[in-house]
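First up is the structure itself, then whatever we jot down about it.
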Amino acid sequence: MPKEEINNLALRRALYYPAAEIYSNSPSGFWEFADAGEKIRRKIVDLWRKELVEKEGFMEIFGAQILPEDVFKASGHLASFSDPIVQCKKCNSLHRADVLIADKTRGVVPESLATSELDALIRKHGIECPKCKGKEFHEVKKFNMMMKVDIGATGNQVSYLRPETCQSIFLDFKRVYRTMANSLPLGIAQAGSSFRNEIAPRNTLLRQREFGQMEIEIFFNPHRINEIENFSEVENFKLNLFLLKEKGVKKISCKEAVEKKLVSGKLIAYCLARVQEFYKKLNISEEKMRFRQLGNDERAFYAAETWDFEVETDLGWIELMACNYRTDYDLKGHAKQSRQEMIVTDNNEKVLPHVFELSAGIDRAFYVALDLAFRKEKRGPEERVFLDLPVRIAPYIAGIFPLVKKDGLLEKATGIFRQLNSYDFDVLFEEKASIGKRYAKTDEIGVPFAITIDYDTMKDNTVTLRERNSMQQKRVKIDSLAEALWHLKTGKKSFEKI
RNA sequence: GCGGGUGUGGUCUAGUGGCUAUGAUUCGACCUUGCCAAGGUCGUGGCCCGGGUUCAAUUCCCGGCACCCGCACCA
């Protein structure tokens with residue numbers, strides 16, 4: 001669906017909106033979520049936790065968002081998470097210094113060159129501004145995407161807001177390993193916020209300066225990358241692989257991907273299969289998803305193999321998860337910087353674990369879920385908007401509505417609401433406005449079911465259960481409501497079978 | 001960061017150098033209501049921010065910020 005439609009819905013229903021919007025000088029790239037939006041976002045994280053973390057027996061942590069400078073010396077972010085940028089004196093446009101020089105000389109320019117060396121190269125090769133052909137540039141500056149924070153009264157403990165959540169996982173690895181696991185492979189997960197000083201945030205939730213990540217780092221013995229217990233479960237699962245040298249997506253089974261060495265081992269194929277299954281649960285169809293293989297020039301500095309899970313939307317292909325084989329890059333770096341031992345014993349073998357990472361964007365998943373669920377159709381006499389969200393990420397499972405407020409219906413409905421609420425269902429109570437209006441309004445935020453209390457309820461203790469997409473309704477006994485909702489919530493039964 | 005466009009109640013919008021700033025919808029109250037945004041009455045709520053020109057600026061000018069499009073960037 002067009003972005004404008006989604007953003008309009010987001011503003012009308014306060015799903016998300018600009019942070020600090022009452023201040024006209026607030027910077028872009030920060031967004032807030034409210035009510036239905038916050039709930040949908042949270043449920044996406046819950047679904048991830050259930051399907052990709054708990055089901056696999058992985059651990060979860062919640063780490064600090066601010067970490068000391070040493071962490072980022074070790075991780076490589078201080079050196080590599082920055083671009084050498086240079087500004088044209090004539091037209092003020094910004095360019096990457098290394099790219100300008102490399103284009104001119106048709107060579108490779110190391111990013112790590114000092115800014116003074118880059119200045120010299122620019123002068124030596126008579127680099128022109130690609131935009132205005134000007135030859136005068138300001139001095140090269142290193143632009144680091146990390147946000148610096150000064151800690152303590154004197155501000156001399158330099159720290160940074162984390163640019164990715166996973167560093168805490170590497171820092172915590174030893175303690176979690178010793179206390180909770182003592183064996184490999186060990187998966188450690190975390191959902192939280194990360195911060196990057198983007199030059200130009202765009203497209204609302206898709207490119208923010210503060211954004212949600214849900215990451216899993218799987219620590220394993222590199223010699224045993226092919227010893228995966230449950231591989232048989234996925235060996236025939238078809239992965240949608242978009243390979244570097246191929247046109248279009250190829251459906252390749254996990255087994256074949258391993259045999260043809262398209263991936264580094266069974267562990268990676270297994271993870272990709274689970275990831276693809278997970279995103280299907282967000283209602284992303286097979287035809288609109290792919291794992292794009294990244295080439296040497298595209299991968300992050302820590303990755304030896306990368307598969308970007310991408311989804312096709314109105315805005316083109318959007319990356320939802322980067323699957324990176326980080327090798328021992330991170331543990332090695334932290335071991336060196338902290339002078340702590342990171343080697344562990346796995347089956348009597350001393351080994352520095354390798355890491356396969358599943359790094360997903362929460363807000364991007366949220367946006368894509370809205371994009372794919374958005375419907376604008378003629379329903380009744382009018383065109384209406386509704387969200388066809390999967391039950392598991394819908395903000396509420398059902399609205400509880402008394403048909404009218406009088407004759408005891410309001411009280412009866414309140415009782416049902418409290419009962420279902422006490423059974424831990426996310427239900428919404430609404431007694432205002434007409435019944436049709438209440439249906440329409442909750443459809444718009446994707447509530448899949450409605451329970452209406454009417455005059456028959458007062459006689460025979462049944463209610464109307466109404467489904468969002470079909471607008472069909474059936475009678476259900478109050479006594480069996482909780483069970484019915486549980487079936488619908490878990491997908492054990494469809495609406496037709498209730 | 002660059003270039004272009006836009007900025008009026010929650011949302012969509014009309015309009016203006018001076019008059020109580022338009023309409024729809026939303027929202028709230030009351031009445032009504034018997035299953036798909038029904039009806040009635042009343043009500044809340046607005047010119048993105050700062051500066052300048054002017055007797056007077058939401059309107060004109062300058063600057064800032066945000067959003068949209070294109071470019072660049074995207075570890």
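All residue names refer to the structure tokens as shown: chains lettered A, B, ... in order, residues numbered from 1 in each chain, ligands numbered from 1 in order.
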Test item: chain B residues at most 10 Å from chain A, counting only C-alpha atoms (C1' of nucleotides), as a PyMOL selection string: chain B and resi 1-2+10-12+26+33-38+48-49+64-68+71-75
Could you give me, as a ChimeraX atom specification, the residues within 9 Å of Pro2 in chain A, counting only C-alpha atoms (C1' of nucleotides) and dropping anything in the same chain fewer than 6 positions from it? /A:314-315,371
Could you save those same residues with C-alpha atoms as a short mmCIF file (atom, residue, chain, number, x, y, z; two decimals), in the first residue's frame?
data_model
loop_
_atom_site.label_atom_id
_atom_site.label_comp_id
_atom_site.auth_asym_id
_atom_site.auth_seq_id
_atom_site.Cartn_x
_atom_site.Cartn_y
_atom_site.Cartn_z
CA ASP A 314 5.21 -0.69 -2.24
CA LEU A 315 8.58 0.97 -1.54
CA ASP A 371 2.05 -2.33 4.47
#
Excluding same-chain residues fewer than 6 positions from range 257-265 of chain A, what lies within 10 Å of it counting only C-alpha atoms (C1' of nucleotides), as a PyMOL selection string? chain A and resi 222+224-228+235+238-239+241+243+251+272+293+304-307+325
Long-range neighbours of Ala273 in chain A as a PyMOL selection string, 12 Å cut-off, only C-alpha atoms (C1' of nucleotides), 2 positions minimum in chain: chain A and resi 52+230-241+251-255+257+266-271+275-280+290-291+309+323+358
Same residues, C-alpha atoms, saved as a PDB file, in the first residue's frame:
ATOM      1  CA  LEU A  52      12.993 -17.859  17.036  1.00  0.00           C
ATOM      2  CA  ASN A 230      17.381 -30.761  14.141  1.00  0.00           C
ATOM      3  CA  PHE A 231      18.676 -30.361  10.627  1.00  0.00           C
ATOM      4  CA  SER A 232      16.506 -33.227   9.396  1.00  0.00           C
ATOM      5  CA  GLU A 233      13.460 -31.076  10.180  1.00  0.00           C
ATOM      6  CA  VAL A 234      14.487 -28.507   7.589  1.00  0.00           C
ATOM      7  CA  GLU A 235      16.566 -30.429   5.051  1.00  0.00           C
ATOM      8  CA  ASN A 236      13.783 -30.377   2.474  1.00  0.00           C
ATOM      9  CA  PHE A 237      12.654 -26.854   3.327  1.00  0.00           C
ATOM     10  CA  LYS A 238      12.959 -24.607   0.293  1.00  0.00           C
ATOM     11  CA  LEU A 239      14.872 -21.404   0.865  1.00  0.00           C
ATOM     12  CA  ASN A 240      14.237 -18.417  -1.377  1.00  0.00           C
ATOM     13  CA  LEU A 241      17.799 -17.629  -2.340  1.00  0.00           C
ATOM     14  CA  LYS A 251      14.008 -22.144  -4.481  1.00  0.00           C
ATOM     15  CA  ILE A 252      16.713 -24.348  -3.033  1.00  0.00           C
ATOM     16  CA  SER A 253      16.336 -26.895  -0.266  1.00  0.00           C
ATOM     17  CA  CYS A 254      18.503 -26.579   2.820  1.00  0.00           C
ATOM     18  CA  LYS A 255      20.124 -29.872   1.992  1.00  0.00           C
ATOM     19  CA  ALA A 257      22.312 -25.369  -0.217  1.00  0.00           C
ATOM     20  CA  LYS A 266      24.197 -26.805   8.049  1.00  0.00           C
ATOM     21  CA  LEU A 267      23.861 -24.411  10.941  1.00  0.00           C
ATOM     22  CA  ILE A 268      23.423 -21.514   8.560  1.00  0.00           C
ATOM     23  CA  ALA A 269      20.922 -23.286   6.323  1.00  0.00           C
ATOM     24  CA  TYR A 270      18.974 -24.310   9.414  1.00  0.00           C
ATOM     25  CA  CYS A 271      18.798 -20.725  10.659  1.00  0.00           C
ATOM     26  CA  VAL A 275      13.875 -17.203   9.635  1.00  0.00           C
ATOM     27  CA  GLN A 276      11.840 -17.750   6.497  1.00  0.00           C
ATOM     28  CA  GLU A 277       9.200 -19.624   8.538  1.00  0.00           C
ATOM     29  CA  PHE A 278       9.098 -16.831  11.070  1.00  0.00           C
ATOM     30  CA  TYR A 279       8.411 -14.114   8.524  1.00  0.00           C
ATOM     31  CA  LYS A 280       5.658 -16.176   6.946  1.00  0.00           C
ATOM     32  CA  ARG A 290      14.084 -13.564  -0.504  1.00  0.00           C
ATOM     33  CA  PHE A 291      17.511 -13.986   1.013  1.00  0.00           C
ATOM     34  CA  PHE A 309      16.270 -11.209   4.251  1.00  0.00           C
ATOM     35  CA  CYS A 323      22.075 -12.852   8.629  1.00  0.00           C
ATOM     36  CA  LEU A 358      20.316 -12.956  12.919  1.00  0.00           C
TER      37      LEU A 358
END
Please identify which residues in range 187-423 of chain A DSSP calls helix (DSSP H, G or I) from the backbone, and express them as a PyMOL selection string. chain A and resi 204-206+222-224+231-234+254-259+266-280+286-288+329-338+362-373+391-393+409-422
Residues near C42 in chain B, anyone? I mean within 12 Å using only C-alpha atoms (C1' of nucleotides), not counting same-chain ones fewer than 6 positions away, as a list in words. G28, A29, C30 and C31 of chain B
What does the distance from CA of Phe30 in chain A to CA of Ala64 in chain A come to in Å, to one decimal? 19.6 Å
What separation in Å, quoted to one decimal, exists between CA of Phe219 in chain A and CA of His354 in chain A? 5.6 Å
Please measure the separation of CA of Arg375 in chain A and CA of Leu387 in chain A, giving the value in Å to one decimal. 6.0 Å
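In this comparison, which uses only C-alpha atoms, the residue of A:Thr154, A:Asn283, A:Ser480, A:Thr179 approaching Phe366 in chain A most closely is A:Asn283.
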8 Å contact set for Ile169 in chain A, only C-alpha atoms (C1' of nucleotides), chain neighbours under 6 positions out, as a list in words: Ile61, Gly63, Ile188, Ala189, Gln190 and Glu217 of chain A
List every residue of range 121-295 of chain A that DSSP, applied to the backbone of this structure, places in strand (DSSP E or B), and write the result as a VMD selection string. chain A and resid 137 141 to 144 147 to 151 157 to 161 186 to 195 202 207 210 to 220 238 to 242 250 to 253 289 to 293
Can I get the selection written as a CSV table (one decimal), in the first residue's frame, with C-alpha atoms?
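Saved to part32.csv:
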chain,number,residue,atom,x,y,z
A,137,PHE,CA,37.1,21.0,-1.1
A,141,LYS,CA,36.5,14.7,8.1
A,142,LYS,CA,35.7,11.4,9.7
A,143,PHE,CA,32.0,11.2,10.3
A,144,ASN,CA,31.2,8.5,12.9
A,147,MET,CA,26.3,8.9,19.2
A,148,LYS,CA,28.8,10.0,21.9
A,149,VAL,CA,27.7,10.3,25.5
A,150,ASP,CA,29.7,11.9,28.3
A,151,ILE,CA,29.3,10.0,31.6
A,157,GLN,CA,34.2,8.6,30.9
A,158,VAL,CA,33.6,8.6,27.2
A,159,SER,CA,30.8,6.2,26.2
A,160,TYR,CA,28.5,5.7,23.2
A,161,LEU,CA,24.9,4.8,22.6
A,186,LEU,CA,24.5,-21.4,22.5
A,187,GLY,CA,22.1,-18.8,21.2
A,188,ILE,CA,21.8,-15.5,23.0
A,189,ALA,CA,19.1,-13.0,22.0
A,190,GLN,CA,18.2,-9.5,22.7
A,191,ALA,CA,15.5,-7.0,21.7
A,192,GLY,CA,16.1,-3.4,22.3
A,193,SER,CA,17.1,0.0,20.9
A,194,SER,CA,20.1,1.0,18.9
A,195,PHE,CA,21.3,4.4,17.8
A,202,ARG,CA,13.9,8.9,5.5
A,207,ARG,CA,15.5,4.8,8.5
A,210,GLU,CA,16.9,5.4,17.2
A,211,PHE,CA,15.4,2.1,16.2
A,212,GLY,CA,14.5,-1.3,17.5
A,213,GLN,CA,16.5,-4.4,16.9
A,214,MET,CA,15.9,-8.0,17.7
A,215,GLU,CA,19.1,-9.9,17.4
A,216,ILE,CA,20.2,-13.4,18.0
A,217,GLU,CA,23.9,-14.4,18.2
A,218,ILE,CA,24.5,-18.1,17.9
A,219,PHE,CA,27.8,-19.2,19.3
A,220,PHE,CA,29.1,-22.5,17.9
A,238,LYS,CA,13.0,-24.6,0.3
A,239,LEU,CA,14.9,-21.4,0.9
A,240,ASN,CA,14.2,-18.4,-1.4
A,241,LEU,CA,17.8,-17.6,-2.3
A,242,PHE,CA,18.7,-14.7,-4.5
A,250,LYS,CA,15.9,-19.8,-6.7
A,251,LYS,CA,14.0,-22.1,-4.5
A,252,ILE,CA,16.7,-24.3,-3.0
A,253,SER,CA,16.3,-26.9,-0.3
A,289,MET,CA,10.5,-12.7,0.3
A,290,ARG,CA,14.1,-13.6,-0.5
A,291,PHE,CA,17.5,-14.0,1.0
A,292,ARG,CA,19.8,-11.8,-0.9
A,293,GLN,CA,23.5,-12.9,-1.0
